[in-house]
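Pasted below: final.txt, compact mmCIF, C-alpha atoms.
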# COMPACT_ATOMS: atom_id res chain seq x y z
CA MET V 155 -16.79 15.02 -13.74
CA HIS V 156 -18.77 14.62 -10.60
CA LYS V 157 -21.65 16.91 -9.79
CA LYS V 158 -22.04 18.93 -6.64
CA GLY V 159 -23.90 16.97 -4.02
CA LEU V 160 -23.66 13.65 -5.86
CA ASN V 161 -22.30 11.83 -2.82
CA ASP V 162 -22.83 8.34 -4.21
CA THR V 163 -19.88 8.91 -6.60
CA ILE V 164 -17.52 8.88 -3.64
CA ALA V 165 -19.26 6.40 -1.38
CA PRO V 166 -17.06 3.63 0.04
CA ALA V 167 -17.61 0.03 -0.91
CA ALA V 168 -20.46 -1.76 0.79
CA GLY V 169 -19.75 -2.43 4.44
CA VAL V 170 -16.67 -0.21 4.51
CA ARG V 171 -16.36 2.55 7.06
CA ALA V 172 -14.89 5.74 5.55
CA GLY V 173 -13.83 7.57 8.69
CA ARG V 174 -15.88 10.49 9.94
CA LEU V 175 -16.43 12.56 6.82
CA GLU V 176 -20.18 12.16 7.17
CA GLU V 177 -20.41 13.75 10.61
CA GLY V 178 -20.38 17.30 9.23
CA TRP V 179 -18.08 18.71 11.89
CA TYR V 180 -16.11 20.70 9.33
CA ASN V 181 -17.52 24.07 8.25
CA PRO V 182 -18.01 25.26 4.66
CA LEU V 183 -15.18 27.01 2.85
CA ASN V 184 -17.35 29.93 1.83
CA SER V 185 -16.74 31.51 5.24
CA LYS V 186 -13.07 32.02 4.20
CA LYS V 187 -11.76 29.20 6.32
CA ARG V 188 -8.18 28.96 7.49
CA VAL V 189 -7.13 25.34 7.11
CA LEU V 190 -4.09 23.57 8.52
CA THR V 191 -3.29 19.99 7.50
CA ILE V 192 -0.64 17.88 9.25
CA ASN V 193 0.82 14.75 7.64
CA SER V 194 3.51 12.36 8.85
CA ILE V 195 5.37 9.43 7.34
CA VAL V 196 6.33 6.15 9.00
CA ARG V 197 8.78 4.06 6.98
CA ARG V 198 11.52 1.43 7.30
CA TYR V 199 14.14 3.00 5.02
CA GLN V 200 14.67 6.57 3.91
CA ILE V 201 13.72 5.64 0.33
CA GLU V 202 11.99 2.32 -0.33
CA THR V 203 12.57 1.91 -4.04
CA THR V 204 10.46 -1.26 -4.32
CA ARG V 205 8.68 -3.58 -1.91
CA THR V 206 12.05 -5.10 -0.96
CA GLY V 207 14.61 -2.62 -2.31
CA HIS V 208 15.81 0.53 -0.61
CA LEU V 209 18.31 3.38 -0.68
CA LEU V 210 20.03 5.45 1.97
CA GLU V 211 19.43 5.12 5.68
CA ASP V 212 17.82 2.31 7.64
CA GLU V 213 15.47 4.28 9.90
CA ILE V 214 14.19 1.47 12.10
CA ASP V 215 15.74 2.95 15.25
CA MET V 216 13.95 6.26 14.62
CA HIS V 217 10.47 4.72 14.60
CA ASP V 218 8.59 3.27 17.53
CA ALA V 219 5.10 3.44 18.97
CA ARG V 220 6.12 5.83 21.71
CA MET V 221 7.38 8.37 19.16
CA VAL V 222 4.14 8.07 17.20
CA ARG V 223 2.15 8.76 20.37
CA ASP V 224 4.44 11.62 21.35
CA PHE V 225 4.15 13.21 17.91
CA ALA V 226 0.37 12.97 18.01
CA GLY V 227 0.44 14.44 21.52
CA ALA V 228 2.63 17.34 20.38
CA VAL V 229 0.17 18.17 17.59
CA ARG V 230 -2.90 18.01 19.83
CA ARG V 231 -1.20 19.83 22.66
CA GLY V 232 -1.10 22.82 20.33
CA PHE V 233 -4.39 22.10 18.56
CA PRO V 234 -6.63 19.79 20.64
CA GLU V 235 -9.15 18.97 17.90
CA ALA V 236 -6.54 18.40 15.17
CA ARG V 237 -6.63 15.31 13.02
CA ILE V 238 -3.48 13.90 11.45
CA THR V 239 -3.00 12.04 8.17
CA TRP V 240 -0.46 9.21 8.63
CA GLY V 241 1.28 7.62 5.65
CA CYS V 242 2.95 4.22 6.08
CA SER V 243 5.44 2.86 3.59
CA TRP V 244 5.16 -0.70 2.28
CA GLN V 245 7.77 -2.04 4.67
CA ALA V 246 6.26 -0.17 7.61
CA LEU V 247 3.00 -1.95 6.80
CA THR V 248 4.50 -5.41 6.33
CA ASP V 249 7.40 -5.60 8.81
CA GLN V 250 6.38 -8.23 11.39
CA SER V 251 8.83 -7.20 14.09
CA PRO V 252 7.30 -6.22 17.45
CA ARG V 253 8.37 -2.62 16.81
CA TYR V 254 6.31 -2.14 13.65
CA ARG V 255 3.38 -4.27 14.85
CA GLU V 256 3.10 -1.96 17.86
CA ILE V 257 3.32 1.11 15.60
CA ARG V 258 0.40 -0.17 13.51
CA GLU V 259 -1.63 -0.90 16.65
CA THR V 260 -0.93 2.63 17.87
CA LEU V 261 -2.03 4.15 14.56
CA ALA V 262 -5.25 2.12 14.70
CA ASP V 263 -5.87 3.47 18.20
CA LEU V 264 -5.28 7.06 17.03
CA HIS V 265 -7.73 6.51 14.20
CA ASN V 266 -10.40 5.10 16.51
CA ARG V 267 -9.93 7.69 19.26
CA PHE V 268 -9.28 10.88 17.29
CA GLY V 269 -10.36 10.25 13.70
CA ASP V 270 -6.83 10.31 12.28
CA ASP V 271 -6.48 8.95 8.76
CA VAL V 272 -4.06 6.03 8.35
CA THR V 273 -3.07 5.35 4.78
CA PHE V 274 -0.35 4.26 2.37
CA ALA V 275 2.80 6.18 1.41
CA PRO V 276 4.14 4.42 -1.71
CA GLY V 277 7.91 4.18 -1.47
CA GLY V 278 7.97 6.71 1.31
CA PHE V 279 8.01 9.26 -1.62
CA PHE V 280 9.40 9.10 -5.19
CA THR V 281 7.81 5.75 -6.03
CA ASN V 282 7.37 6.46 -9.77
CA VAL V 283 11.11 6.92 -10.20
CA TYR V 284 11.71 3.27 -9.35
CA ASN V 285 8.50 1.44 -10.28
CA SER V 286 6.24 1.02 -13.26
CA LYS V 287 2.80 2.57 -12.99
CA ASP V 288 1.28 -0.92 -13.03
CA GLN V 289 3.43 -1.93 -10.08
CA VAL V 290 2.45 1.19 -8.15
CA ASN V 291 -1.21 0.33 -8.75
CA ARG V 292 -0.64 -3.17 -7.37
CA ASP V 293 1.14 -1.70 -4.35
CA ILE V 294 -1.77 0.65 -3.64
CA THR V 295 -4.33 -2.15 -3.83
CA ASP V 296 -2.37 -4.54 -1.63
CA ALA V 297 -1.39 -1.85 0.90
CA LEU V 298 -5.00 -0.78 1.41
CA LYS V 299 -5.91 -4.44 2.07
CA ILE V 300 -3.20 -4.58 4.74
CA ILE V 301 -4.58 -1.45 6.41
CA ASP V 302 -8.01 -3.04 6.46
CA GLY V 303 -6.37 -5.93 8.31
CA PHE V 304 -5.33 -3.86 11.33
CA ILE V 305 -8.18 -1.32 11.13
CA PRO V 306 -11.03 -3.66 10.18
CA GLY V 307 -13.64 -2.19 7.87
CA TYR V 308 -11.78 1.06 7.33
CA GLN V 309 -11.06 2.44 3.87
CA PRO V 310 -8.60 5.36 3.65
CA ARG V 311 -9.74 8.26 1.47
CA SER V 312 -6.27 9.73 0.84
CA LEU V 313 -2.71 8.76 -0.10
CA ILE V 314 0.57 10.40 0.92
CA CYS V 315 2.93 10.08 -2.02
CA GLY V 316 5.41 12.93 -2.41
CA PHE V 317 4.83 12.68 -6.15
CA LEU V 318 2.35 10.40 -7.89
CA SER V 319 1.70 9.97 -11.62
CA ALA V 320 -1.65 10.90 -13.13
CA GLU V 321 -2.37 7.28 -14.07
CA ASN V 322 -1.86 6.14 -10.49
CA ILE V 323 -4.06 8.94 -9.14
CA ARG V 324 -6.79 7.94 -11.59
CA TYR V 325 -6.50 4.30 -10.57
CA ALA V 326 -6.63 5.12 -6.84
CA ARG V 327 -9.77 7.19 -7.37
CA GLU V 328 -11.65 4.78 -9.60
CA LYS V 329 -10.56 1.53 -7.95
CA HIS V 330 -10.48 2.55 -4.30
CA GLY V 331 -12.51 5.74 -3.93
CA ILE V 332 -9.50 7.89 -2.99
CA ILE V 333 -10.51 11.58 -3.10
CA ALA V 334 -7.26 13.22 -1.88
CA VAL V 335 -3.68 12.56 -2.90
CA GLN V 336 -0.67 14.39 -1.60
CA GLY V 337 0.76 13.91 -5.06
CA ASN V 338 3.05 16.86 -5.76
CA ILE V 339 5.72 18.78 -3.87
CA TRP V 340 5.36 22.30 -5.17
CA SER V 341 8.51 23.87 -6.66
CA GLN V 342 10.71 20.84 -5.93
CA TYR V 343 13.75 20.73 -8.18
CA SER V 344 17.26 19.38 -7.44
CA ILE V 345 16.13 18.36 -3.95
CA ASP V 346 15.85 14.81 -2.57
CA GLY V 347 15.00 12.01 -5.00
CA GLN V 348 12.71 13.55 -7.62
CA ASP V 349 12.06 16.77 -9.50
CA GLY V 350 8.50 17.92 -10.09
CA ASP V 351 8.04 21.67 -10.54
CA GLY V 352 5.24 23.17 -12.62
CA SER V 353 2.02 22.62 -10.68
CA ILE V 354 -0.42 24.80 -8.78
CA SER V 355 0.49 25.13 -5.09
CA TYR V 356 -3.07 24.81 -3.75
CA PRO V 357 -5.44 21.85 -4.34
CA TYR V 358 -6.59 21.09 -7.88
CA TYR V 359 -8.04 18.22 -9.91
CA PRO V 360 -5.20 16.83 -12.05
CA SER V 361 -5.25 16.06 -15.74
CA ARG V 362 -4.80 12.55 -17.08
CA GLU V 363 -1.88 13.94 -19.10
CA HIS V 364 0.34 15.01 -16.19
CA PHE V 365 -0.12 15.14 -12.43
CA CYS V 366 1.18 18.74 -12.37
CA LYS V 367 -1.42 19.93 -14.89
CA PRO V 368 -4.92 20.95 -13.78
CA ALA V 369 -7.61 19.11 -15.72
CA GLN V 370 -9.05 21.25 -18.52
CA GLY V 371 -12.36 19.49 -19.04
CA GLU V 372 -14.29 16.27 -18.80
CA ALA V 373 -12.04 14.40 -21.23
CA ASP V 374 -8.90 14.69 -19.09
CA PHE V 375 -10.50 15.06 -15.64
CA ILE V 376 -9.38 12.97 -12.65
CA ASP V 377 -11.93 13.21 -9.86
CA CYS V 378 -9.36 13.35 -7.06
CA LEU V 379 -7.78 16.46 -5.55
CA ASN V 380 -4.01 16.77 -5.73
CA PHE V 381 -2.32 18.40 -2.72
CA ASP V 382 1.09 19.93 -2.09
CA GLY V 383 3.38 18.28 0.47
CA TRP V 384 4.32 21.27 2.58
CA THR V 385 3.90 25.03 2.26
CA VAL V 386 7.01 26.90 1.16
CA ASP V 387 8.12 30.51 1.06
CA PHE V 388 7.28 31.63 -2.50
CA ILE V 389 10.51 33.59 -2.86
CA ALA V 390 12.72 30.77 -1.59
CA GLY V 391 10.77 28.46 -3.90
CA ARG V 392 12.35 30.14 -6.94
CA LEU V 393 15.70 28.61 -6.06
CA ALA V 394 16.81 25.43 -7.84
CA GLY V 395 18.06 23.13 -5.11
CA GLU V 396 20.19 24.52 -2.30
CA TYR V 397 23.60 25.89 -1.47
CA THR V 398 25.51 27.18 1.53
CA THR V 399 27.67 30.30 1.57
CA ASN V 400 29.26 32.08 4.51
CA GLY V 401 27.66 29.56 6.80
CA VAL V 402 24.10 30.35 5.64
CA ARG V 403 21.98 27.65 3.98
CA TYR V 404 19.85 28.74 1.04
CA VAL V 405 17.22 26.12 0.18
CA SER V 406 14.12 26.20 -2.01
CA ARG V 407 12.08 24.07 0.42
CA MET V 408 12.15 26.68 3.22
CA GLY V 409 8.70 27.63 4.50
CA VAL V 410 6.93 25.78 7.31
CA GLY V 411 8.81 22.48 7.02
CA PRO V 412 10.84 21.80 10.21
CA ILE V 413 13.82 20.38 8.29
CA GLU V 414 14.45 23.65 6.43
CA THR V 415 13.54 25.91 9.36
CA LEU V 416 13.94 24.47 12.86
CA HIS V 417 16.67 22.00 11.92
CA THR V 418 18.54 24.52 9.76
CA PHE V 419 18.30 27.83 11.62
CA GLY V 420 17.49 26.73 15.17
CA ASN V 421 14.18 26.73 16.95
CA GLU V 422 13.64 30.46 17.51
CA VAL V 423 14.71 31.72 14.09
CA GLY V 424 13.14 28.73 12.38
CA LEU V 425 9.86 29.18 14.25
CA LYS V 426 9.68 32.81 13.15
CA GLN V 427 10.07 31.75 9.51
CA MET V 428 7.30 29.19 9.94
CA GLN V 429 5.08 31.90 11.40
CA ASP V 430 5.92 34.40 8.65
CA THR V 431 5.07 31.82 5.98
CA THR V 432 1.81 30.99 7.74
CA ARG V 433 0.75 34.64 7.84
CA VAL V 434 1.11 34.86 4.07
CA HIS V 435 -1.84 32.47 3.72
CA PHE V 436 -3.92 33.26 6.79
CA ASP V 437 -3.74 37.08 6.71
CA GLU V 438 -4.88 39.68 4.22
CA PRO V 439 -4.74 40.30 1.34
CA ASN V 440 -4.22 36.67 0.37
CA LEU V 441 -7.06 35.29 2.47
CA SER V 442 -9.60 37.48 0.66
CA ASN V 443 -8.06 36.72 -2.72
CA ASN V 444 -8.53 32.96 -2.36
CA PRO V 445 -11.41 30.60 -1.62
CA PHE V 446 -9.62 29.59 1.61
CA GLY V 447 -6.27 29.95 3.32
CA TRP V 448 -4.30 26.71 3.54
CA ILE V 449 -1.08 25.70 5.26
CA THR V 450 0.20 22.12 5.09
CA ASN V 451 3.13 20.43 6.76
CA ASN V 452 4.71 16.99 6.58
CA TYR V 453 7.03 16.10 9.47
CA GLU V 454 8.36 12.58 9.13
CA ILE V 455 8.42 10.58 12.35
CA GLY V 456 12.05 9.63 11.81
CA GLU V 457 13.12 13.26 11.45
CA ALA V 458 11.00 14.35 14.40
CA ASN V 459 12.67 11.67 16.49
CA ARG V 460 16.18 12.48 15.27
CA TRP V 461 15.86 16.17 16.15
CA ARG V 462 13.80 15.80 19.29
CA PRO V 463 16.85 16.22 21.60
CA LYS V 464 17.28 19.68 20.03
CA GLY V 465 13.77 20.67 21.08
CA CYS V 466 12.40 20.68 17.53
CA LEU V 467 9.28 18.65 18.26
CA GLU V 468 8.38 21.07 21.05
CA ALA V 469 8.97 24.03 18.71
CA PHE V 470 6.76 22.32 16.12
CA SER V 471 4.04 22.04 18.77
CA ARG V 472 4.51 25.71 19.65
CA TRP V 473 3.95 26.64 16.00
CA ILE V 474 0.71 24.65 15.89
CA GLY V 475 -0.46 26.16 19.17
CA TRP V 476 0.40 29.65 17.91
CA ILE V 477 -1.84 29.06 14.87
CA LYS V 478 -4.79 28.07 17.02
CA GLU V 479 -4.23 30.98 19.42
CA THR V 480 -3.80 33.54 16.63
CA TRP V 481 -6.73 32.30 14.53
CA PRO V 482 -9.19 30.51 16.85
CA ASP V 483 -11.44 29.71 13.89
CA ALA V 484 -8.70 27.70 12.14
CA GLU V 485 -9.45 24.03 11.44
CA CYS V 486 -7.10 21.06 11.24
CA PRO V 487 -8.84 18.24 9.32
CA THR V 488 -7.33 15.25 7.59
CA LEU V 489 -6.52 15.65 3.91
CA ALA V 490 -9.58 13.58 3.02
CA GLU V 491 -11.89 15.75 5.13
CA PHE V 492 -10.49 18.90 3.56
CA ALA V 493 -10.88 17.37 0.11
CA GLN V 494 -14.52 16.52 0.80
CA THR V 495 -15.25 20.14 1.69
CA ILE V 496 -13.55 21.43 -1.46
CA ARG V 497 -15.45 18.91 -3.58
CA ASP V 498 -18.76 20.11 -2.19
CA GLU V 499 -18.11 23.69 -3.30
CA HIS V 500 -15.70 23.27 -6.23
CA PRO V 501 -16.64 20.18 -8.29
CA ASN V 502 -14.03 20.97 -10.94
CA ASN V 503 -11.19 23.42 -11.64
CA ASP V 504 -13.39 26.13 -13.14
CA THR V 505 -13.76 28.07 -9.88
CA LEU V 506 -10.34 27.34 -8.40
CA ARG V 507 -8.51 30.65 -8.84
CA TYR V 508 -5.59 31.33 -6.53
CA GLN V 509 -3.61 34.53 -6.02
CA PHE V 510 -0.69 35.14 -3.65
CA ASP V 511 1.54 38.06 -2.75
CA GLN V 512 4.64 37.64 -0.57
CA LYS V 513 7.57 39.84 0.40
CA GLY V 514 10.87 38.29 1.36
CA THR V 515 11.55 37.67 5.03
CA GLY V 516 15.31 38.18 4.73
CA LEU V 517 16.13 34.65 5.93
CA GLY V 518 18.08 32.39 3.61
CA ALA V 519 16.68 32.35 0.07
CA SER V 520 13.69 34.50 1.04
CA PHE V 521 15.49 37.62 -0.13
CA ALA V 522 14.26 40.79 1.58
CA ASP V 523 14.51 42.94 -1.56
CA GLN V 524 12.09 40.77 -3.54
CA GLU V 525 8.31 40.57 -3.75
CA VAL V 526 6.50 37.81 -5.62
CA GLN V 527 2.97 37.61 -6.96
CA TRP V 528 1.51 34.32 -8.13
CA TYR V 529 -1.64 33.76 -10.18
CA MET V 530 -2.76 30.14 -10.55
CA ASN V 531 -5.88 28.79 -12.20
CA LYS V 532 -7.14 26.15 -14.59
CA GLN V 533 -5.61 27.79 -17.68
CA PHE V 534 -2.19 28.93 -16.45
CA ARG V 535 0.18 29.80 -13.67
CA LEU V 536 1.95 33.15 -13.77
CA GLY V 537 4.69 34.44 -11.47
CA LEU V 538 5.65 38.12 -11.23
CA LEU V 539 8.73 39.48 -9.46
CA LYS V 540 9.19 43.00 -8.11
CA GLN V 541 12.78 43.99 -7.43
CA ALA V 542 14.68 47.30 -7.47
CA GLY V 543 11.65 49.14 -8.83
CA GLN V 544 11.28 46.77 -11.77
CA GLU V 545 8.68 44.07 -12.47
CA TYR V 546 9.38 40.81 -14.28
CA VAL V 547 7.62 37.65 -15.41
CA PHE V 548 9.66 34.81 -13.92
CA ASP V 549 7.27 31.90 -14.53
CA TYR V 550 4.54 31.15 -17.06
CA ALA V 551 2.97 27.76 -17.81
CA ASP V 552 0.07 27.50 -20.23
CA TYR V 553 -1.99 24.56 -18.98
CA THR V 554 -4.13 24.48 -22.13
CA LYS V 555 -1.15 22.93 -23.94
CA HIS V 556 -0.53 19.18 -23.94
CA TYR V 557 2.06 17.65 -21.62
CA ARG V 558 3.42 14.17 -21.03
CA GLU V 559 4.89 12.45 -18.01
CA PRO V 560 8.01 10.25 -18.31
CA SER V 561 7.11 6.88 -19.79
CA LYS V 562 9.99 4.84 -18.34
CA THR V 563 11.17 4.06 -14.85
CA GLY V 564 14.46 5.45 -13.60
CA GLN V 565 13.72 9.06 -14.56
CA ARG V 566 13.85 11.55 -11.69
CA ASN V 567 12.73 14.67 -13.55
CA TRP V 568 8.92 14.87 -13.79
CA THR V 569 8.75 18.65 -14.16
CA LEU V 570 6.00 20.21 -16.25
CA TRP V 571 8.00 22.69 -18.30
CA GLY V 572 6.14 25.89 -19.14
CA ASP V 573 7.29 28.72 -21.41
CA ILE V 574 9.27 30.23 -18.52
CA ASN V 575 10.12 28.30 -15.36
CA GLN V 576 10.92 29.85 -12.01
CA LYS V 577 14.00 27.67 -11.45
CA GLN V 578 15.92 29.37 -14.29
CA THR V 579 17.62 26.14 -15.38
CA ARG V 580 17.08 26.72 -19.14
CA PRO V 581 18.14 29.69 -21.31
CA GLN V 582 14.47 30.64 -21.91
CA ASP V 583 13.83 30.87 -18.17
CA LYS V 584 15.49 34.23 -17.68
CA PRO V 585 12.89 36.62 -16.17
CA VAL V 586 11.32 38.91 -18.75
CA PRO V 587 10.52 42.59 -18.01
CA LEU V 588 6.76 42.82 -17.72
CA GLY V 589 6.49 45.33 -20.57
CA GLN V 590 8.31 42.94 -22.90
CA PHE V 591 6.15 39.91 -22.11
CA LYS V 592 3.90 39.71 -25.16
CA LEU V 593 1.14 37.72 -23.46
CA TRP V 594 0.72 40.17 -20.58
CA PRO V 595 -2.09 42.33 -22.06
CA GLU V 596 -4.27 39.27 -22.69
CA LEU V 597 -3.39 37.51 -19.42
CA GLN V 598 -4.11 40.68 -17.46
CA LYS V 599 -7.75 40.48 -18.56
CA GLN V 600 -8.03 37.04 -16.95
CA LEU V 601 -6.56 37.88 -13.55
Rewrite the structure of this file - the entire thing - as structure tokens.
Amino acid sequence: MHKKGLNDTIAPAAGVRAGRLEEGWYNPLNSKKRVLTINSIVRRYQIETTRTGHLLEDEIDMHDARMVRDFAGAVRRGFPEARITWGCSWQALTDQSPRYREIRETLADLHNRFGDDVTFAPGGFFTNVYNSKDQVNRDITDALKIIDGFIPGYQPRSLICGFLSAENIRYAREKHGIIAVQGNIWSQYSIDGQDGDGSISYPYYPSREHFCKPAQGEADFIDCLNFDGWTVDFIAGRLAGEYTTNGVRYVSRMGVGPIETLHTFGNEVGLKQMQDTTRVHFDEPNLSNNPFGWITNNYEIGEANRWRPKGCLEAFSRWIGWIKETWPDAECPTLAEFAQTIRDEHPNNDTLRYQFDQKGTGLGASFADQEVQWYMNKQFRLGLLKQAGQEYVFDYADYTKHYREPSKTGQRNWTLWGDINQKQTRPQDKPVPLGQFKLWPELQKQL
């Protein structure tokens, strides 16, 4: 494990510029900072299974340099000092058409002018489903060399991955000095191309056993913070997948993501849900109960372009501007800058203790008659549900146990299965009345 203040453990290679982390513009977390992080993905196909293989839609017509500039402008129109973390898929990095060459030139300009981070997005998400861990390591190494080619001397400090195995996170940290990986999508199950429930929803140092498990000690510690992909409504997050009934879409991913809010419910209703989810983290009591308040959002360039005629990019900008107006002290760093600040004050998982309370908004799967409390720390995650005057345990994962990731390619389910899982997909996942949960007296002492 690294020690607080030991900066040489994360120094870039000789002669490599590591962005602007050293400028000290970002304030300490101990002032209860409100932090917003914005990520975006540029890719060639919707899912790039390998360097040359792909699934689903060819998105070339939804990506161009103008859209990249317009997206960046929409973010900074709402939050002038914001910095964006851009993830480029393998084919977005290697396509030699004028379209993608101009995109890469534009990203280099945004990095040089605004301090945006430009990095690799293996597969455009879900890379471990289709590739061996050794192949993913090779992709990371070669992709970072390509980025150095169009941003000379620059070494990214983060990766945008959707999900990323523990072995690949370890490799990225030790081989390339990566200190931040967007390597889990909290509560994702039966959505998109991979399942991966079971982690903490705020940043943590992952275990070498499983990317969803917080490291327990020096023996299994990976010195790289693992970040969620986008903040979700905790009550909607209990749903497994999605369904539509009576014209209403119920989806577990609903929170601040534009796809599940603006695209699904329209700009005004969707914007309100994004604001309600934001308040959960930036208002009391949760702000005081946590070392910082954090909201993160990933809006893929292709999706932003597809829905732009509906006014969704403008609504996204309005949400960002509303955050800055409502909380003028809020910051919007890159993932790597945020990770550096956490590292300075929390060198391991011992002091990372998170607690959340949320009542349903009444929209979609955020049921108005439910209230959820989450407790997440190094040893366990515990979810409590209040409904109809009763209280239940709906999720419990003991992180002191041993876990294993899938060992073969082609497996989509990378969930860390605890004793009880919020998705209720197994017989043992039925919520237990709090008084009947045998571990409650002992766990209560640790909250």
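In terms of minimum interatomic distance to Ser471 of chain V, V:Asp224 ranks closest within V:Asp271, V:Glu259, V:Asp224, V:Asp218, counting all atoms listed in the file.
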Pick from V:Ile449, V:Ala369, V:Cys242, V:Leu298 nearest to Tyr356 of chain V, counting only C-alpha atoms: V:Ile449
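Distances from V:Gly277, V:Pro306, V:Pro487, V:Gly456 to His217 of chain V were compared using only C-alpha atoms, and the smallest one belongs to V:Gly456.
The spacing separating atom CA of Asn440 of chain V from atom CA of Ser520 of chain V amounts to 18.1 Å.
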Rounded to one decimal in Å, what is the spacing between atom CA of Phe280 of chain V and atom CA of Asp377 of chain V?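 Here the two named atoms are 22.2 Å from each other.
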Would you write out, as JSON lines, a table of all residues in segment 459-486 of chain V that have an atom no more than 7 Å from an atom of segment 416-433 of chain V, listing for each the closest atom pair and the distance in Å to one decimal, considering only C-alpha atoms and ordering rows by chain and rising residue number?
{"residue": "V:Cys466", "atom": "CA", "partner": "V:Leu416", "partner_atom": "CA", "distance": 6.2}
{"residue": "V:Ala469", "atom": "CA", "partner": "V:Asn421", "partner_atom": "CA", "distance": 6.1}
{"residue": "V:Trp473", "atom": "CA", "partner": "V:Leu425", "partner_atom": "CA", "distance": 6.7}
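Of note, atom CA of Ser353 of chain V and atom CA of Pro368 of chain V are spaced 7.8 Å apart.
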Give me the box for segment 278-283 of chain V as JSON, namely the centre and edge lengths in Å to one decimal of a box along x, y and z that holds every listed atom plus 5 Å on each side.
{"center_x": 9.2, "center_y": 7.5, "center_z": -4.4, "size_x": 13.7, "size_y": 13.5, "size_z": 21.5}
Minimum-distance residue to Leu539 of chain V, chosen among V:Lys513, V:Arg188, V:Arg472, V:Lys367 (using only C-alpha atoms):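 Result for the nearest residue to Leu539 of chain V: V:Lys513.
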So that I can check the surroundings of Gly543 of chain V, please list as a ChimeraX atom specification every protein, DNA and RNA residue that reaches within 12 Å of it, counting all atoms listed in the file and ignoring chain neighbours fewer than 6 positions away. /V:523-525,587-588
Keeping only C-alpha atoms, write the selected residues as a PDB file, in the coordinates of the input.
ATOM      1  CA  ASP V 523      14.510  42.940  -1.560  1.00  0.00           C
ATOM      2  CA  GLN V 524      12.090  40.770  -3.540  1.00  0.00           C
ATOM      3  CA  GLU V 525       8.310  40.570  -3.750  1.00  0.00           C
ATOM      4  CA  PRO V 587      10.520  42.590 -18.010  1.00  0.00           C
ATOM      5  CA  LEU V 588       6.760  42.820 -17.720  1.00  0.00           C
TER       6      LEU V 588
END
Looking at all atoms listed in the file, which of V:Thr450, V:Thr569, V:Gln590, V:Thr273 is the one that sits closest to Ser341 of chain V?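 Of V:Thr450, V:Thr569, V:Gln590, V:Thr273, the one nearest Ser341 of chain V, counting all atoms listed in the file, is V:Thr569.
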Is there a way to complete segment 307-319 of chain V with N, CA and C atoms and then write that out as a compact mmCIF listing (two decimals), keeping the file's coordinate frame?
# COMPACT_ATOMS: atom_id res chain seq x y z
N GLY V 307 -12.52 -2.92 8.43
CA GLY V 307 -13.64 -2.19 7.87
C GLY V 307 -13.36 -0.76 7.49
N TYR V 308 -12.11 -0.33 7.63
CA TYR V 308 -11.78 1.06 7.33
C TYR V 308 -11.17 1.18 5.94
N GLN V 309 -11.62 2.15 5.19
CA GLN V 309 -11.06 2.44 3.87
C GLN V 309 -10.50 3.84 3.86
N PRO V 310 -9.18 4.01 3.75
CA PRO V 310 -8.60 5.36 3.65
C PRO V 310 -9.16 6.10 2.45
N ARG V 311 -9.25 7.42 2.56
CA ARG V 311 -9.74 8.26 1.47
C ARG V 311 -8.63 9.10 0.87
N SER V 312 -7.39 8.92 1.33
CA SER V 312 -6.27 9.73 0.84
C SER V 312 -5.04 8.84 0.70
N LEU V 313 -4.03 9.36 -0.01
CA LEU V 313 -2.71 8.76 -0.10
C LEU V 313 -1.68 9.85 0.12
N ILE V 314 -0.55 9.48 0.74
CA ILE V 314 0.57 10.40 0.92
C ILE V 314 1.72 9.89 0.06
N CYS V 315 2.09 10.65 -0.97
CA CYS V 315 2.93 10.08 -2.02
C CYS V 315 4.17 10.90 -2.39
N GLY V 316 4.35 12.09 -1.85
CA GLY V 316 5.41 12.93 -2.41
C GLY V 316 4.99 13.36 -3.80
N PHE V 317 5.31 12.51 -4.78
CA PHE V 317 4.83 12.68 -6.15
C PHE V 317 4.08 11.42 -6.56
N LEU V 318 3.05 11.57 -7.37
CA LEU V 318 2.35 10.40 -7.89
C LEU V 318 1.85 10.71 -9.30
N SER V 319 2.07 9.76 -10.23
CA SER V 319 1.70 9.97 -11.62
C SER V 319 0.19 10.08 -11.77
